[in-house]
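Peer 1: So here's structure.txt (compact mmCIF, N, CA and C atoms and all ligand atoms).
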```txt
# COMPACT_ATOMS: atom_id res chain seq x y z
N MET Z 1 5.61 -87.10 45.65
CA MET Z 1 4.98 -85.83 45.23
C MET Z 1 5.97 -84.99 44.42
N GLY Z 2 5.63 -84.73 43.23
CA GLY Z 2 6.53 -83.92 42.41
C GLY Z 2 5.86 -82.62 41.99
N ASP Z 3 6.64 -81.77 41.48
CA ASP Z 3 6.09 -80.50 40.99
C ASP Z 3 5.33 -80.75 39.70
N ILE Z 4 4.39 -79.88 39.47
CA ILE Z 4 3.66 -79.98 38.21
C ILE Z 4 4.49 -79.29 37.13
N VAL Z 5 4.82 -80.05 36.15
CA VAL Z 5 5.64 -79.48 35.08
C VAL Z 5 4.72 -79.00 33.96
N ARG Z 6 4.84 -77.75 33.69
CA ARG Z 6 4.03 -77.20 32.60
C ARG Z 6 4.81 -77.34 31.29
N PHE Z 7 4.29 -78.11 30.45
CA PHE Z 7 4.96 -78.40 29.19
C PHE Z 7 4.22 -77.72 28.05
N ARG Z 8 4.77 -76.62 27.62
CA ARG Z 8 4.08 -75.89 26.55
C ARG Z 8 5.01 -75.59 25.39
N LYS Z 9 4.50 -75.77 24.23
CA LYS Z 9 5.26 -75.42 23.03
C LYS Z 9 4.40 -74.48 22.19
N PRO Z 10 4.48 -73.20 22.50
CA PRO Z 10 3.63 -72.21 21.81
C PRO Z 10 3.76 -72.23 20.30
N SER Z 11 4.99 -72.37 19.82
CA SER Z 11 5.20 -72.32 18.38
C SER Z 11 4.52 -73.48 17.66
N LEU Z 12 4.66 -74.67 18.25
CA LEU Z 12 4.04 -75.84 17.65
C LEU Z 12 2.53 -75.72 17.67
N ARG Z 13 2.02 -75.21 18.78
CA ARG Z 13 0.58 -75.08 18.93
C ARG Z 13 0.04 -74.09 17.89
N LYS Z 14 0.78 -73.01 17.72
CA LYS Z 14 0.38 -71.99 16.77
C LYS Z 14 0.33 -72.58 15.35
N LYS Z 15 1.33 -73.37 15.04
CA LYS Z 15 1.42 -73.99 13.73
C LYS Z 15 0.21 -74.91 13.48
N ALA Z 16 -0.12 -75.68 14.50
CA ALA Z 16 -1.26 -76.60 14.39
C ALA Z 16 -2.55 -75.82 14.19
N GLU Z 17 -2.65 -74.73 14.92
CA GLU Z 17 -3.83 -73.88 14.80
C GLU Z 17 -3.97 -73.34 13.38
N GLY Z 18 -2.84 -72.94 12.85
CA GLY Z 18 -2.83 -72.40 11.50
C GLY Z 18 -3.30 -73.43 10.49
N LYS Z 19 -2.82 -74.65 10.65
CA LYS Z 19 -3.21 -75.69 9.72
C LYS Z 19 -4.69 -75.96 9.81
N THR Z 20 -5.21 -75.92 11.03
CA THR Z 20 -6.64 -76.14 11.23
C THR Z 20 -7.43 -75.05 10.53
N LEU Z 21 -6.93 -73.82 10.66
CA LEU Z 21 -7.59 -72.69 10.02
C LEU Z 21 -7.58 -72.85 8.51
N CYS Z 22 -6.44 -73.29 7.98
CA CYS Z 22 -6.32 -73.48 6.54
C CYS Z 22 -7.29 -74.56 6.07
N ARG Z 23 -7.39 -75.61 6.82
CA ARG Z 23 -8.30 -76.70 6.44
C ARG Z 23 -9.75 -76.21 6.44
N SER Z 24 -10.02 -75.26 7.32
CA SER Z 24 -11.38 -74.72 7.41
C SER Z 24 -11.65 -73.66 6.35
N GLY Z 25 -10.61 -73.36 5.58
CA GLY Z 25 -10.76 -72.37 4.51
C GLY Z 25 -10.37 -70.97 4.91
N PHE Z 26 -9.79 -70.81 6.10
CA PHE Z 26 -9.35 -69.48 6.55
C PHE Z 26 -7.84 -69.37 6.36
N HIS Z 27 -7.44 -69.10 5.14
CA HIS Z 27 -6.02 -68.99 4.85
C HIS Z 27 -5.52 -67.59 5.18
N LYS Z 28 -4.21 -67.54 5.40
CA LYS Z 28 -3.59 -66.25 5.69
C LYS Z 28 -3.02 -65.72 4.38
N TRP Z 29 -3.85 -65.09 3.58
CA TRP Z 29 -3.45 -64.64 2.26
C TRP Z 29 -2.49 -63.46 2.30
N LYS Z 30 -1.46 -63.57 1.48
CA LYS Z 30 -0.50 -62.48 1.35
C LYS Z 30 -0.35 -62.20 -0.14
N THR Z 31 -0.34 -60.95 -0.51
CA THR Z 31 -0.23 -60.60 -1.92
C THR Z 31 1.17 -60.91 -2.45
N VAL Z 32 1.22 -61.67 -3.52
CA VAL Z 32 2.50 -62.01 -4.15
C VAL Z 32 2.82 -61.00 -5.23
N SER Z 33 1.87 -60.80 -6.13
CA SER Z 33 2.06 -59.80 -7.17
C SER Z 33 0.72 -59.13 -7.47
N GLU Z 34 0.73 -57.83 -7.43
CA GLU Z 34 -0.50 -57.08 -7.66
C GLU Z 34 -0.68 -56.69 -9.11
N ARG Z 35 -1.92 -56.67 -9.50
CA ARG Z 35 -2.28 -56.23 -10.85
C ARG Z 35 -1.45 -56.89 -11.96
N LYS Z 36 -1.43 -58.18 -11.89
CA LYS Z 36 -0.75 -58.95 -12.91
C LYS Z 36 -1.79 -59.26 -13.99
N PHE Z 37 -1.37 -59.22 -15.23
CA PHE Z 37 -2.34 -59.47 -16.30
C PHE Z 37 -2.42 -60.96 -16.61
N ASP Z 38 -3.61 -61.51 -16.40
CA ASP Z 38 -3.84 -62.91 -16.68
C ASP Z 38 -4.31 -63.05 -18.12
N VAL Z 39 -3.48 -63.65 -18.94
CA VAL Z 39 -3.78 -63.78 -20.37
C VAL Z 39 -5.01 -64.65 -20.62
N LYS Z 40 -5.12 -65.75 -19.88
CA LYS Z 40 -6.25 -66.66 -20.05
C LYS Z 40 -7.59 -65.97 -19.80
N ARG Z 41 -7.63 -65.18 -18.74
CA ARG Z 41 -8.87 -64.50 -18.38
C ARG Z 41 -9.02 -63.16 -19.10
N GLY Z 42 -7.89 -62.62 -19.55
CA GLY Z 42 -7.93 -61.31 -20.20
C GLY Z 42 -8.26 -60.21 -19.21
N LYS Z 43 -7.84 -60.45 -17.96
CA LYS Z 43 -8.13 -59.47 -16.91
C LYS Z 43 -6.93 -59.27 -16.01
N LEU Z 44 -6.98 -58.17 -15.28
CA LEU Z 44 -5.94 -57.93 -14.28
C LEU Z 44 -6.29 -58.73 -13.03
N VAL Z 45 -5.29 -59.40 -12.49
CA VAL Z 45 -5.53 -60.21 -11.30
C VAL Z 45 -4.45 -59.93 -10.26
N THR Z 46 -4.75 -60.31 -9.03
CA THR Z 46 -3.78 -60.22 -7.95
C THR Z 46 -3.50 -61.65 -7.48
N LEU Z 47 -2.22 -62.00 -7.46
CA LEU Z 47 -1.86 -63.33 -7.01
C LEU Z 47 -1.63 -63.33 -5.51
N LEU Z 48 -2.35 -64.21 -4.84
CA LEU Z 48 -2.24 -64.31 -3.39
C LEU Z 48 -1.69 -65.67 -3.00
N ARG Z 49 -0.92 -65.70 -1.93
CA ARG Z 49 -0.40 -66.97 -1.44
C ARG Z 49 -0.57 -67.04 0.07
N CYS Z 50 -0.96 -68.22 0.53
CA CYS Z 50 -1.14 -68.41 1.98
C CYS Z 50 0.23 -68.55 2.63
N GLU Z 51 0.47 -67.77 3.68
CA GLU Z 51 1.75 -67.80 4.38
C GLU Z 51 1.96 -69.10 5.15
N ARG Z 52 0.86 -69.75 5.47
CA ARG Z 52 0.97 -70.98 6.28
C ARG Z 52 1.13 -72.24 5.44
N CYS Z 53 0.23 -72.46 4.49
CA CYS Z 53 0.28 -73.73 3.75
C CYS Z 53 0.81 -73.57 2.33
N GLY Z 54 0.96 -72.34 1.87
CA GLY Z 54 1.53 -72.12 0.55
C GLY Z 54 0.56 -72.23 -0.60
N GLU Z 55 -0.72 -72.35 -0.29
CA GLU Z 55 -1.72 -72.43 -1.35
C GLU Z 55 -1.83 -71.09 -2.07
N GLU Z 56 -2.05 -71.16 -3.37
CA GLU Z 56 -2.13 -69.93 -4.15
C GLU Z 56 -3.55 -69.69 -4.64
N ARG Z 57 -3.86 -68.43 -4.79
CA ARG Z 57 -5.20 -68.05 -5.21
C ARG Z 57 -5.10 -66.79 -6.07
N ILE Z 58 -5.99 -66.69 -7.02
CA ILE Z 58 -6.01 -65.51 -7.88
C ILE Z 58 -7.26 -64.70 -7.57
N LYS Z 59 -7.05 -63.42 -7.34
CA LYS Z 59 -8.18 -62.54 -7.07
C LYS Z 59 -8.39 -61.66 -8.29
N LEU Z 60 -9.59 -61.68 -8.82
CA LEU Z 60 -9.91 -60.84 -9.98
C LEU Z 60 -10.14 -59.41 -9.52
N ILE Z 61 -9.58 -58.49 -10.30
CA ILE Z 61 -9.75 -57.08 -9.91
C ILE Z 61 -10.96 -56.51 -10.64
ZN ZN M 1 -3.44 -71.85 4.09
```
What does this structure look like when you write it as structure tokens?
Ligand SMILES: [Zn+2]

Peer 2:
Amino acid sequence: MGDIVRFRKPSLRKKAEGKTLCRSGFHKWKTVSERKFDVKRGKLVTLLRCERCGEERIKLI
């Protein structure tokens, strides 16, 4: 009879959760540069980057 060993790695679990969220399309967007002028679109845009997976996205203003 041994003790029950609780083996938990919160950080790893959190990371896995984040990846799952990213795969589901729920990225953790962080603004990289605000009101940047996109020459191709001829509009002001905000560059966003996901803190978890590093994917980038442009938001039109
Ligand atoms: Zn992501």

Peer 1: Which residues form the shell of 10 Å around ligand ZN 1 (chain M) when you count only C-alpha atoms and all ligand atoms, given as a ChimeraX atom specification?

Peer 2: /Z:18-29,49-56

Peer 1: Of the candidates Z:Val5, Z:Arg35, Z:Lys30, Z:Leu60, which shows the shortest atom-to-atom distance to Leu48 of chain Z, using only N, CA and C atoms?

Peer 2: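 When distances to Leu48 of chain Z are compared using only N, CA and C atoms, the smallest one comes from Z:Lys30.
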
Peer 1: Please list, as a list in words, the residues that have an atom at most 8 Å away from (-3.7, -61.5, -11.8) in the coordinates of this file, counting all atoms listed in the file.

Peer 2: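 Here is the list of nearby residues: Ser33, Glu34, Arg35, Lys36, Phe37, Asp38, Val39, Lys43, Leu44, Val45, Thr46, Leu47, Leu48, Arg57, Ile58, Lys59, Leu60 and Ile61 of chain Z.
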
Peer 1: Check the DSSP output for the backbone and give back, as a count of residues only, the residues of chain Z in alpha helix (DSSP H).

Peer 2: 14

Peer 1: One decimal, Å: what's the distance from atom N of Val32 of chain Z over to atom N of Ala16 of chain Z, could you say?

Peer 2: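 One can read the atom N of Val32 of chain Z to atom N of Ala16 of chain Z distance as 22.9 Å.
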
Peer 1: Quick one: DSSP strand (DSSP E or B) residues in segment 2-56 of chain Z, as a list in words?

Peer 2: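 Selecting the strand (DSSP E or B) positions of segment 2-56 of chain Z gives Trp29, Lys30, Thr31, Val32, Ser33, Glu34, Arg35, Lys36, Phe37, Asp38, Lys43, Leu44, Val45, Thr46, Leu47, Leu48, Arg49, Cys50 and Glu56 of chain Z.
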
Peer 1: In Å, how far is it from atom CA of Glu17 of chain Z to atom C of Asp3 of chain Z?

Peer 2: 27.4 Å
